[in-house]
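S.K.: Provided below: protein_27.cif, containing mmCIF, C-alpha atoms.
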```
data_coords
#
loop_
_atom_site.label_atom_id
_atom_site.label_comp_id
_atom_site.auth_asym_id
_atom_site.auth_seq_id
_atom_site.Cartn_x
_atom_site.Cartn_y
_atom_site.Cartn_z
CA MET N 248 15.02 -27.19 17.85
CA THR N 249 15.39 -23.53 17.01
CA ASP N 250 12.64 -20.93 16.99
CA ILE N 251 13.65 -19.12 13.83
CA THR N 252 15.98 -19.90 10.94
CA ILE N 253 17.00 -16.98 8.76
CA ILE N 254 18.40 -17.85 5.37
CA GLY N 255 20.56 -15.05 4.05
CA GLY N 256 23.38 -12.91 5.35
CA GLY N 257 22.45 -9.44 4.15
CA ASN N 258 20.82 -6.36 5.63
CA MET N 259 17.38 -7.90 5.96
CA ALA N 260 18.83 -10.99 7.65
CA ARG N 261 20.58 -8.68 10.10
CA ALA N 262 17.38 -6.66 10.68
CA ILE N 263 15.11 -9.65 11.26
CA GLY N 264 17.82 -11.31 13.31
CA THR N 265 18.07 -8.22 15.49
CA ARG N 266 14.31 -8.35 16.07
CA ALA N 267 14.50 -12.08 16.83
CA VAL N 268 17.20 -11.59 19.45
CA ALA N 269 15.18 -8.67 20.90
CA ALA N 270 12.23 -11.08 21.14
CA ARG N 271 14.52 -13.61 22.88
CA ARG N 272 14.02 -16.23 20.20
CA THR N 273 16.63 -18.90 19.50
CA LEU N 274 18.03 -18.29 16.08
CA GLN N 275 19.89 -20.05 13.27
CA ILE N 276 21.52 -18.13 10.44
CA LEU N 277 22.21 -20.03 7.22
CA ASP N 278 23.96 -18.47 4.27
CA ARG N 279 25.39 -19.66 0.99
CA THR N 280 28.73 -18.51 2.44
CA PRO N 281 28.86 -20.07 5.93
CA GLU N 282 31.50 -17.56 7.04
CA HIS N 283 29.03 -14.73 6.42
CA ALA N 284 26.44 -16.55 8.49
CA ALA N 285 28.94 -17.10 11.31
CA LYS N 286 29.94 -13.45 11.30
CA LEU N 287 26.34 -12.28 11.42
CA ALA N 288 25.49 -14.79 14.19
CA ALA N 289 28.38 -13.47 16.27
CA GLU N 290 27.28 -9.91 15.68
CA LEU N 291 23.68 -10.64 16.66
CA GLY N 292 24.59 -12.49 19.86
CA GLY N 293 21.80 -14.11 21.84
CA ASP N 294 21.22 -17.83 21.34
CA THR N 295 22.28 -17.89 17.70
CA THR N 296 23.91 -20.62 15.62
CA SER N 297 25.02 -20.55 12.01
CA GLY N 298 25.72 -22.70 8.99
CA GLY N 299 25.55 -23.05 5.25
CA LEU N 300 22.97 -24.23 2.75
CA GLY N 301 24.16 -27.80 3.25
CA ASP N 302 22.66 -27.60 6.73
CA ILE N 303 19.02 -28.34 7.52
CA PRO N 304 16.92 -25.34 8.62
CA ASP N 305 16.08 -26.09 12.25
CA GLY N 306 13.59 -23.30 12.94
CA ASP N 307 9.84 -23.66 13.28
CA ILE N 308 9.81 -20.44 11.28
CA VAL N 309 12.15 -20.22 8.30
CA VAL N 310 12.62 -16.71 6.94
CA LEU N 311 13.91 -16.41 3.39
CA ALA N 312 15.77 -13.12 3.88
CA LEU N 313 16.65 -13.01 0.21
CA TYR N 314 15.80 -11.29 -3.04
CA TYR N 315 13.09 -12.94 -5.10
CA GLY N 316 15.38 -14.87 -7.45
CA PRO N 317 17.60 -16.37 -4.72
CA ALA N 318 14.49 -17.06 -2.61
CA LYS N 319 13.14 -19.27 -5.39
CA GLU N 320 16.50 -21.00 -5.73
CA VAL N 321 16.64 -21.72 -2.00
CA ALA N 322 13.03 -22.92 -1.99
CA THR N 323 13.89 -25.33 -4.81
CA HIS N 324 17.08 -26.38 -3.04
CA TYR N 325 15.36 -27.29 0.23
CA GLY N 326 12.04 -28.48 -1.20
CA ASP N 327 10.33 -31.05 1.02
CA THR N 328 12.85 -30.41 3.79
CA LEU N 329 10.68 -27.41 4.62
CA SER N 330 7.40 -29.35 4.73
CA GLY N 331 5.36 -28.57 7.82
CA LYS N 332 7.37 -25.44 8.53
CA THR N 333 6.26 -21.82 8.44
CA VAL N 334 8.22 -20.22 5.63
CA VAL N 335 8.31 -16.43 5.43
CA ASP N 336 8.80 -14.72 2.07
CA ILE N 337 9.91 -11.10 2.44
CA SER N 338 10.78 -10.43 -1.20
CA ASN N 339 9.72 -7.65 -3.52
CA PRO N 340 9.71 -8.86 -7.11
CA ILE N 341 10.43 -5.53 -8.71
CA ASN N 342 12.30 -4.49 -11.81
CA VAL N 343 15.24 -2.74 -10.14
CA ALA N 344 16.42 -1.25 -13.43
CA THR N 345 13.31 0.96 -13.60
CA PHE N 346 11.56 0.75 -10.21
CA ASP N 347 8.41 1.02 -12.32
CA SER N 348 7.10 -2.53 -12.69
CA LEU N 349 6.93 -5.93 -11.07
CA VAL N 350 8.64 -9.01 -12.49
CA VAL N 351 5.67 -11.24 -11.63
CA GLU N 352 2.55 -11.27 -13.77
CA PRO N 353 -0.70 -9.55 -12.73
CA GLY N 354 -2.79 -12.00 -10.75
CA THR N 355 0.08 -13.61 -8.89
CA SER N 356 2.86 -12.66 -6.48
CA ALA N 357 6.34 -13.68 -5.41
CA ALA N 358 4.84 -15.33 -2.34
CA GLU N 359 2.45 -17.43 -4.40
CA GLU N 360 5.23 -18.43 -6.80
CA ILE N 361 7.38 -19.52 -3.86
CA ALA N 362 4.42 -21.35 -2.32
CA ALA N 363 4.08 -23.34 -5.55
CA LEU N 364 7.66 -24.54 -5.06
CA LEU N 365 6.98 -25.60 -1.45
CA PRO N 366 3.59 -27.35 -1.41
CA GLY N 367 4.24 -28.93 1.99
CA ALA N 368 5.16 -25.67 3.75
CA ASN N 369 2.94 -22.94 5.16
CA ILE N 370 3.95 -19.77 3.38
CA VAL N 371 3.61 -16.35 5.00
CA LYS N 372 4.21 -13.03 3.32
CA ALA N 373 5.62 -10.57 5.83
CA PHE N 374 8.35 -7.95 6.28
CA ASN N 375 8.28 -6.92 2.62
CA THR N 376 7.25 -3.36 3.52
CA THR N 377 9.86 -2.91 6.25
CA PHE N 378 13.23 -1.56 5.17
CA ALA N 379 16.30 -2.94 6.92
CA GLY N 380 17.28 0.25 8.73
CA PRO N 381 13.99 0.94 10.53
CA LEU N 382 13.44 -2.79 11.08
CA THR N 383 16.75 -3.08 12.88
CA ALA N 384 15.66 -0.18 15.09
CA GLY N 385 12.09 -1.51 15.36
CA VAL N 386 10.62 1.96 14.90
CA SER N 387 10.17 4.63 12.28
CA GLY N 388 9.55 8.21 13.28
CA GLY N 389 9.26 7.03 16.87
CA LEU N 390 6.38 4.69 16.04
CA PRO N 391 6.46 0.86 16.06
CA LEU N 392 6.77 -0.49 12.53
CA ASP N 393 3.76 -2.15 10.98
CA VAL N 394 4.32 -5.68 9.69
CA PHE N 395 1.68 -6.73 7.17
CA VAL N 396 1.08 -10.49 7.29
CA ALA N 397 -0.68 -12.56 4.60
CA SER N 398 -1.07 -16.34 4.69
CA ASP N 399 -3.50 -19.12 3.95
CA SER N 400 -2.50 -20.79 7.24
CA GLU N 401 -3.95 -19.28 10.38
CA GLU N 402 -1.40 -21.10 12.53
CA ALA N 403 1.51 -19.85 10.45
CA SER N 404 0.09 -16.32 10.53
CA ASN N 405 -0.22 -16.58 14.29
CA GLN N 406 3.40 -17.66 14.63
CA VAL N 407 4.69 -14.76 12.57
CA ALA N 408 2.36 -12.24 14.19
CA SER N 409 3.44 -13.42 17.64
CA PHE N 410 7.07 -13.05 16.70
CA ALA N 411 6.50 -9.56 15.31
CA ALA N 412 4.59 -8.46 18.42
CA ALA N 413 7.24 -9.93 20.75
CA ALA N 414 9.85 -8.01 18.74
CA GLY N 415 8.10 -4.70 19.41
CA LEU N 416 6.42 -4.40 16.03
CA ARG N 417 2.72 -4.18 15.15
CA PRO N 418 1.48 -7.14 13.10
CA LEU N 419 -1.48 -6.45 10.82
CA ARG N 420 -3.12 -9.51 9.28
CA VAL N 421 -4.45 -8.80 5.83
CA GLY N 422 -5.91 -12.19 4.90
CA GLY N 423 -4.92 -14.98 2.54
CA LEU N 424 -1.61 -15.39 0.75
CA ARG N 425 -2.99 -13.96 -2.47
CA HIS N 426 -3.01 -10.58 -0.73
CA ALA N 427 0.76 -10.69 -1.12
CA ARG N 428 -0.12 -9.23 -4.53
CA GLU N 429 -1.25 -5.98 -2.95
CA LEU N 430 1.59 -5.93 -0.42
CA GLU N 431 4.20 -6.40 -3.14
CA GLY N 432 2.45 -4.01 -5.50
CA PHE N 433 2.31 -1.15 -3.05
CA GLN N 434 5.89 -1.66 -1.96
CA LEU N 435 6.90 -1.15 -5.60
CA LEU N 436 5.54 2.39 -5.22
CA VAL N 437 7.21 2.92 -1.86
CA MET N 438 10.56 1.76 -3.24
CA ALA N 439 10.21 3.95 -6.33
CA LEU N 440 9.68 6.94 -4.03
CA GLN N 441 12.93 6.09 -2.19
CA ALA N 442 14.77 5.98 -5.50
CA ASN N 443 13.16 9.25 -6.69
CA PRO N 444 15.45 12.24 -6.04
CA ALA N 445 12.35 14.49 -5.75
CA TYR N 446 11.76 13.00 -2.28
CA GLU N 447 14.96 13.86 -0.47
CA SER N 448 13.77 12.81 2.95
CA PHE N 449 13.07 9.29 1.67
CA ASN N 450 16.26 7.29 1.57
CA TRP N 451 15.38 3.67 2.30
CA GLY N 452 14.70 4.63 5.89
CA THR N 453 10.93 5.16 5.83
CA GLY N 454 8.18 3.05 7.39
CA LEU N 455 4.83 2.29 5.78
CA LYS N 456 2.22 2.66 8.48
CA ILE N 457 -1.48 2.86 9.12
CA ILE N 458 -1.73 5.83 11.47
CA ASP N 459 -4.53 5.65 14.00
CA MET M 207 -14.12 29.57 -14.43
CA THR M 208 -13.90 27.58 -11.23
CA ASP M 209 -10.78 25.96 -9.79
CA ILE M 210 -12.33 22.69 -8.74
CA THR M 211 -15.60 20.93 -9.48
CA ILE M 212 -16.57 18.13 -7.13
CA ILE M 213 -19.18 15.71 -8.41
CA GLY M 214 -20.95 13.99 -5.55
CA GLY M 215 -22.58 15.04 -2.32
CA GLY M 216 -21.32 12.45 0.17
CA ASN M 217 -18.62 12.27 2.80
CA MET M 218 -15.73 12.33 0.36
CA ALA M 219 -17.22 15.33 -1.45
CA ARG M 220 -17.44 17.08 1.90
CA ALA M 221 -13.88 16.11 2.82
CA ILE M 222 -12.31 17.20 -0.47
CA GLY M 223 -14.49 20.31 -0.47
CA THR M 224 -13.28 21.19 3.00
CA ARG M 225 -9.67 20.89 1.79
CA ALA M 226 -10.48 22.99 -1.30
CA VAL M 227 -11.94 25.78 0.80
CA ALA M 228 -8.94 25.54 3.16
CA ALA M 229 -6.72 25.98 0.08
CA ARG M 230 -8.83 29.01 -0.93
CA ARG M 231 -9.88 27.43 -4.22
CA THR M 232 -13.11 28.40 -5.94
CA LEU M 233 -15.40 25.43 -5.89
CA GLN M 234 -18.44 24.00 -7.65
CA ILE M 235 -20.41 21.09 -6.19
CA LEU M 236 -22.56 19.07 -8.57
CA ASP M 237 -24.78 16.23 -7.41
CA ARG M 238 -27.44 14.05 -8.94
CA THR M 239 -29.74 15.71 -6.38
CA PRO M 240 -29.06 19.47 -6.75
CA GLU M 241 -30.53 20.16 -3.29
CA HIS M 242 -27.82 17.97 -1.76
CA ALA M 243 -25.19 19.91 -3.67
CA ALA M 244 -26.67 23.24 -2.54
CA LYS M 245 -26.73 22.09 1.07
CA LEU M 246 -23.12 20.94 0.95
CA ALA M 247 -22.02 24.16 -0.79
CA ALA M 248 -23.67 26.23 1.94
CA GLU M 249 -22.01 24.12 4.61
CA LEU M 250 -18.55 24.44 3.03
CA GLY M 251 -18.75 28.20 2.59
CA GLY M 252 -15.93 29.94 0.74
CA ASP M 253 -16.44 30.74 -2.93
CA THR M 254 -18.63 27.73 -3.65
CA THR M 255 -21.45 27.26 -6.16
CA SER M 256 -23.65 24.22 -6.74
CA GLY M 257 -25.79 22.48 -9.32
CA GLY M 258 -26.99 19.18 -10.74
CA LEU M 259 -25.72 16.77 -13.36
CA GLY M 260 -27.47 18.83 -16.04
CA ASP M 261 -24.90 21.53 -15.36
CA ILE M 262 -21.49 21.67 -17.02
CA PRO M 263 -18.52 21.06 -14.72
CA ASP M 264 -16.72 24.41 -14.63
CA GLY M 265 -13.56 23.43 -12.78
CA ASP M 266 -10.10 23.01 -14.23
CA ILE M 267 -9.98 20.01 -11.93
CA VAL M 268 -13.05 17.77 -11.78
CA VAL M 269 -13.12 15.36 -8.86
CA LEU M 270 -15.40 12.35 -9.17
CA ALA M 271 -16.18 12.02 -5.46
CA LEU M 272 -18.17 8.89 -6.10
CA TYR M 273 -18.07 5.13 -5.76
CA TYR M 274 -16.65 3.25 -8.72
CA GLY M 275 -20.01 2.37 -10.37
CA PRO M 276 -21.46 5.90 -10.21
CA ALA M 277 -18.09 7.33 -11.26
CA LYS M 278 -18.28 5.32 -14.48
CA GLU M 279 -21.88 6.46 -15.02
CA VAL M 280 -20.94 10.11 -14.56
CA ALA M 281 -17.91 9.71 -16.85
CA THR M 282 -20.19 8.28 -19.52
CA HIS M 283 -22.78 11.00 -18.90
CA TYR M 284 -20.33 13.88 -19.37
CA GLY M 285 -18.03 12.25 -21.94
CA ASP M 286 -16.35 14.81 -24.20
CA THR M 287 -17.59 17.65 -21.99
CA LEU M 288 -14.62 16.78 -19.78
CA SER M 289 -12.05 16.84 -22.60
CA GLY M 290 -8.97 18.85 -21.68
CA LYS M 291 -9.83 18.81 -17.99
CA THR M 292 -8.00 17.14 -15.16
CA VAL M 293 -10.37 14.45 -13.86
CA VAL M 294 -9.63 12.90 -10.48
CA ASP M 295 -10.78 9.35 -9.72
CA ILE M 296 -10.82 8.60 -6.00
CA SER M 297 -12.68 5.30 -6.13
CA ASN M 298 -11.82 1.93 -4.65
CA PRO M 299 -13.30 -0.86 -6.75
CA ILE M 300 -13.71 -3.36 -3.95
CA ASN M 301 -16.22 -6.10 -3.27
CA VAL M 302 -17.94 -4.55 -0.26
CA ALA M 303 -19.76 -7.78 0.56
CA THR M 304 -16.48 -9.48 1.46
CA PHE M 305 -13.78 -6.76 1.64
CA ASP M 306 -11.58 -9.50 0.24
CA SER M 307 -11.31 -8.81 -3.49
CA LEU M 308 -11.41 -6.15 -6.16
CA VAL M 309 -14.15 -5.89 -8.77
CA VAL M 310 -11.67 -4.99 -11.50
CA GLU M 311 -9.54 -7.65 -13.18
CA PRO M 312 -5.83 -8.09 -12.44
CA GLY M 313 -3.81 -5.91 -14.77
CA THR M 314 -6.21 -2.95 -14.73
CA SER M 315 -7.72 -0.48 -12.28
CA ALA M 316 -10.79 1.66 -11.73
CA ALA M 317 -8.78 4.68 -12.85
CA GLU M 318 -7.77 3.05 -16.11
CA GLU M 319 -11.35 1.91 -16.76
CA ILE M 320 -12.59 5.46 -16.20
CA ALA M 321 -9.79 6.83 -18.39
CA ALA M 322 -11.01 4.58 -21.20
CA LEU M 323 -14.42 6.31 -20.94
CA LEU M 324 -12.83 9.79 -21.11
CA PRO M 325 -10.14 9.68 -23.80
CA GLY M 326 -9.98 13.48 -24.01
CA ALA M 327 -9.47 14.08 -20.32
CA ASN M 328 -6.31 13.82 -18.19
CA ILE M 329 -7.10 11.28 -15.50
CA VAL M 330 -5.45 11.38 -12.10
CA LYS M 331 -5.78 8.77 -9.38
CA ALA M 332 -5.66 10.46 -5.99
CA PHE M 333 -7.38 10.53 -2.60
CA ASN M 334 -8.30 6.84 -2.72
CA THR M 335 -6.23 6.10 0.39
CA THR M 336 -7.60 9.00 2.44
CA PHE M 337 -10.72 8.32 4.47
CA ALA M 338 -13.26 11.12 4.74
CA GLY M 339 -12.82 11.80 8.45
CA PRO M 340 -9.07 12.39 8.48
CA LEU M 341 -9.24 14.13 5.10
CA THR M 342 -11.74 16.64 6.45
CA ALA M 343 -9.32 17.29 9.32
CA GLY M 344 -6.29 17.18 7.00
CA VAL M 345 -4.28 15.17 9.51
CA SER M 346 -4.12 11.71 11.02
CA GLY M 347 -2.40 11.12 14.32
CA GLY M 348 -1.24 14.74 14.18
CA LEU M 349 0.61 14.18 10.88
CA PRO M 350 -0.35 15.63 7.47
CA LEU M 351 -2.12 13.03 5.35
CA ASP M 352 -0.28 11.54 2.42
CA VAL M 353 -2.04 11.83 -0.94
CA PHE M 354 -0.72 9.32 -3.48
CA VAL M 355 -1.01 10.69 -7.01
CA ALA M 356 -0.78 8.62 -10.23
CA SER M 357 -1.28 10.00 -13.73
CA ASP M 358 0.04 9.79 -17.26
CA SER M 359 -0.16 13.61 -17.49
CA GLU M 360 2.56 15.53 -15.72
CA GLU M 361 0.53 18.74 -15.92
CA ALA M 362 -2.54 17.10 -14.40
CA SER M 363 -0.39 15.53 -11.68
CA ASN M 364 1.08 18.93 -10.95
CA GLN M 365 -2.38 20.48 -10.61
CA VAL M 366 -3.56 17.85 -8.16
CA ALA M 367 -0.29 17.83 -6.22
CA SER M 368 -0.41 21.63 -5.94
CA PHE M 369 -3.95 21.49 -4.67
CA ALA M 370 -3.07 18.82 -2.11
CA ALA M 371 -0.04 20.76 -0.88
CA ALA M 372 -2.03 24.01 -0.65
CA ALA M 373 -4.63 22.11 1.37
CA GLY M 374 -2.02 21.09 3.96
CA LEU M 375 -1.56 17.54 2.71
CA ARG M 376 1.59 15.81 1.42
CA PRO M 377 1.35 14.78 -2.23
CA LEU M 378 3.46 11.78 -3.25
CA ARG M 379 3.73 11.13 -6.97
CA VAL M 380 3.96 7.44 -7.75
CA GLY M 381 4.18 7.53 -11.55
CA GLY M 382 1.84 6.66 -14.40
CA LEU M 383 -1.87 5.99 -14.16
CA ARG M 384 -1.35 2.22 -14.24
CA HIS M 385 0.04 2.54 -10.73
CA ALA M 386 -3.56 3.12 -9.69
CA ARG M 387 -3.56 -0.69 -9.61
CA GLU M 388 -1.23 -0.74 -6.64
CA LEU M 389 -2.97 2.18 -4.92
CA GLU M 390 -6.38 0.52 -5.24
CA GLY M 391 -4.99 -2.91 -4.35
CA PHE M 392 -3.37 -1.78 -1.12
CA GLN M 393 -6.42 0.22 -0.08
CA LEU M 394 -8.43 -3.00 -0.31
CA LEU M 395 -6.24 -4.29 2.53
CA VAL M 396 -6.53 -1.06 4.51
CA MET M 397 -10.32 -1.10 4.19
CA ALA M 398 -10.50 -4.77 5.17
CA LEU M 399 -8.57 -3.92 8.33
CA GLN M 400 -11.11 -1.20 9.17
CA ALA M 401 -13.93 -3.70 8.75
CA ASN M 402 -12.09 -6.35 10.81
CA PRO M 403 -13.26 -6.36 14.46
CA ALA M 404 -9.83 -7.63 15.53
CA TYR M 405 -8.49 -4.10 14.97
CA GLU M 406 -10.59 -2.04 17.33
CA SER M 407 -8.62 1.15 16.95
CA PHE M 408 -9.22 1.13 13.19
CA ASN M 409 -12.62 2.52 12.43
CA TRP M 410 -12.43 4.32 9.09
CA GLY M 411 -10.38 7.03 10.73
CA THR M 412 -6.85 5.91 9.94
CA GLY M 413 -4.31 7.42 7.55
CA LEU M 414 -1.95 5.49 5.31
CA LYS M 415 1.42 7.16 5.53
CA ILE M 416 5.06 6.79 4.66
CA ILE M 417 6.76 7.76 7.90
CA ASP M 418 10.12 9.45 7.53
#
```
Any chance you could put this one into structure tokens?

M.R.:
Amino acid sequence: MTDITIIGGGNMARAIGTRAVAARRTLQILDRTPEHAAKLAAELGGDTTSGGLGDIPDGDIVVLALYYGPAKEVATHYGDTLSGKTVVDISNPINVATFDSLVVEPGTSAAEEIAALLPGANIVKAFNTTFAGPLTAGVSGGLPLDVFVASDSEEASNQVASFAAAAGLRPLRVGGLRHARELEGFQLLVMALQANPAYESFNWGTGLKIID
Amino acid sequence: MTDITIIGGGNMARAIGTRAVAARRTLQILDRTPEHAAKLAAELGGDTTSGGLGDIPDGDIVVLALYYGPAKEVATHYGDTLSGKTVVDISNPINVATFDSLVVEPGTSAAEEIAALLPGANIVKAFNTTFAGPLTAGVSGGLPLDVFVASDSEEASNQVASFAAAAGLRPLRVGGLRHARELEGFQLLVMALQANPAYESFNWGTGLKIID
């Protein structure tokens, strides 16, 4: 058994994988292209295995480190195989042509749409407000990154919050999975600011934080 | 003519008034209870007058420093009197019994509902993510507070952003007024965290910030 499976081989897979190794969790990387997964696993080090989407996700926690569209495809692909597992959706369902609107309807969220595809899994929204660069480092502006966590499962929330804390981040639990709506909505604004040339110091390297 | 009229006599009126005086803006405080307005004006100092809701708002910028319900009442009360002015809605339309939901429907916002009551005014959503304590101080954790600004009027946005910058805050322009939905939605989560005893260090004194 593995602690965490990350599905995906991109920047967010690398960032969350880096945090997982820092937290001394055993890790499995699965990617559509197994060679990408193997390369990332080797780069991350620690107790990390790899494979393709023909392999079964071994982790207690399965992180879909994917864009919204591919996350839905992978959820459909694995289906009941993920039943009983904690599945983390990190996606931001935004219109990347405009950075001005979401591609989910008002009154729902990417996380809820993915949950509908995986009725046997415990879905957690997390890591959608953490960009890959600061997440790899674990800090932004010298401060631990905040990880906003929403889920209808207290146990699944606990698992993800424990992982985040062990990885040097600050988990903040914001309630049920429907609060993914607000997490995804606000990140639309944060991403639009990164893409806006008026804010030169924002370049996909910021951290959204509640300062106390 | 006055630079800024603040309608309301509570903590947010005090906080925004403190920033206005710091920015050397002329100020008018109007409150349902004129004695409250007079008391706050005296406390704030600077070039500050006061009055009641029978008085005309003089400011180029009119800040509704009120909860959502009273803000709608005042918008209805003044109606066309506010035409041509920049009207700032700071409200968070949340269910304060539960801190778990909004009292506006998905696909709208308090700001848009208030805009519908004031078709001649230029509505700006701002200051809904800044709590009164840090806003009075202008900083949170030693960092300038972020003020997220949404409006369909570029000129009105500019006015509010200029005021915020002159007051020592960092304005961040997030686009059209409909983005008030995301600003209000996320602040629901931030407020719920303040009310949640699990987060002892959060006690209505935090600042929401994009760290760069």

S.K.: When you look at stretch 378-389 of chain M with a cut-off of 6 Å (counting all atoms listed in the file), what residues show up, excluding the ones that are within fewer than 2 positions of it in the same chain? I need them as number ranges by chain.

M.R.: N: 432-433, 436; M: 315, 353-358, 391-392

S.K.: Just to confirm, what's the straight-line distance from atom CA of N:Gly301 to atom CA of N:Thr280 in Å (one decimal)?

M.R.: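 Computing it gives 10.4 Å between the two atoms.
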
S.K.: Residues picked by the PyMOL selection byres ((chain N) within 10 of (chain M)) here, as a ChimeraX atom specification?

M.R.: /N:347-348,352-355,381,386-390,392,395,419-423,425-440,443,445-446,448-459

S.K.: Applied to the shown file, which residues does the PyMOL selection byres ((chain N and resi 324-340) around 7) return, written as number ranges by chain?

M.R.: N: 307-315, 320-323, 341-342, 349-351, 357-358, 365, 367-375, 403, 431

S.K.: Distance atom CA of N:Pro366-atom CA of N:Gly306, one decimal place?

M.R.: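 Distance reported for this atom pair: 18.0 Å.
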
S.K.: Mind giving me the straight-line distance from atom CA of N:Ile253 to atom CA of N:Ile276 in Å, one decimal?

M.R.: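 Atom CA of N:Ile253 sits 5.0 Å away from atom CA of N:Ile276.
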
S.K.: Using the file's own x, y and z axes, what box holds all listed atoms of stretch 358-376 of chain N with 8 Å on each side, keeping edges along x, y and z, and what are its centre and edge lengths in Å to one decimal, as lines of an AutoDock Vina configuration file?

M.R.:
```
center_x = 5.4
center_y = -16.1
center_z = -0.3
size_x = 21.9
size_y = 41.6
size_z = 29.1
```

S.K.: From the list M:Ala226, M:Leu250, M:Ala367, M:Ile320, which residue is nearest M:Gly344 when using all atoms listed in the file?

M.R.: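 The answer is M:Ala226, which sits nearest to M:Gly344.
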
S.K.: I need the residue set behind the PyMOL selection byres ((chain N and resi 416) around 7) for this file; please write it as a PyMOL selection string.

M.R.: chain N and resi 385+391-394+411-412+414-415+417-418

S.K.: Might you pull out every residue within 8 Å of M:Arg231, with all atoms listed in the file counted and same-chain residues fewer than 3 positions away left off, and present them as a PyMOL selection string?

M.R.: chain M and resi 209-210+226-228+253

S.K.: Pick the closest to N:Gln275 from N:Ile254, N:Ala318, N:Leu382, N:Met259: which is it, counting only C-alpha atoms?

M.R.: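 Going through N:Ile254, N:Ala318, N:Leu382, N:Met259 one by one, the smallest distance to N:Gln275 is for N:Ile254.
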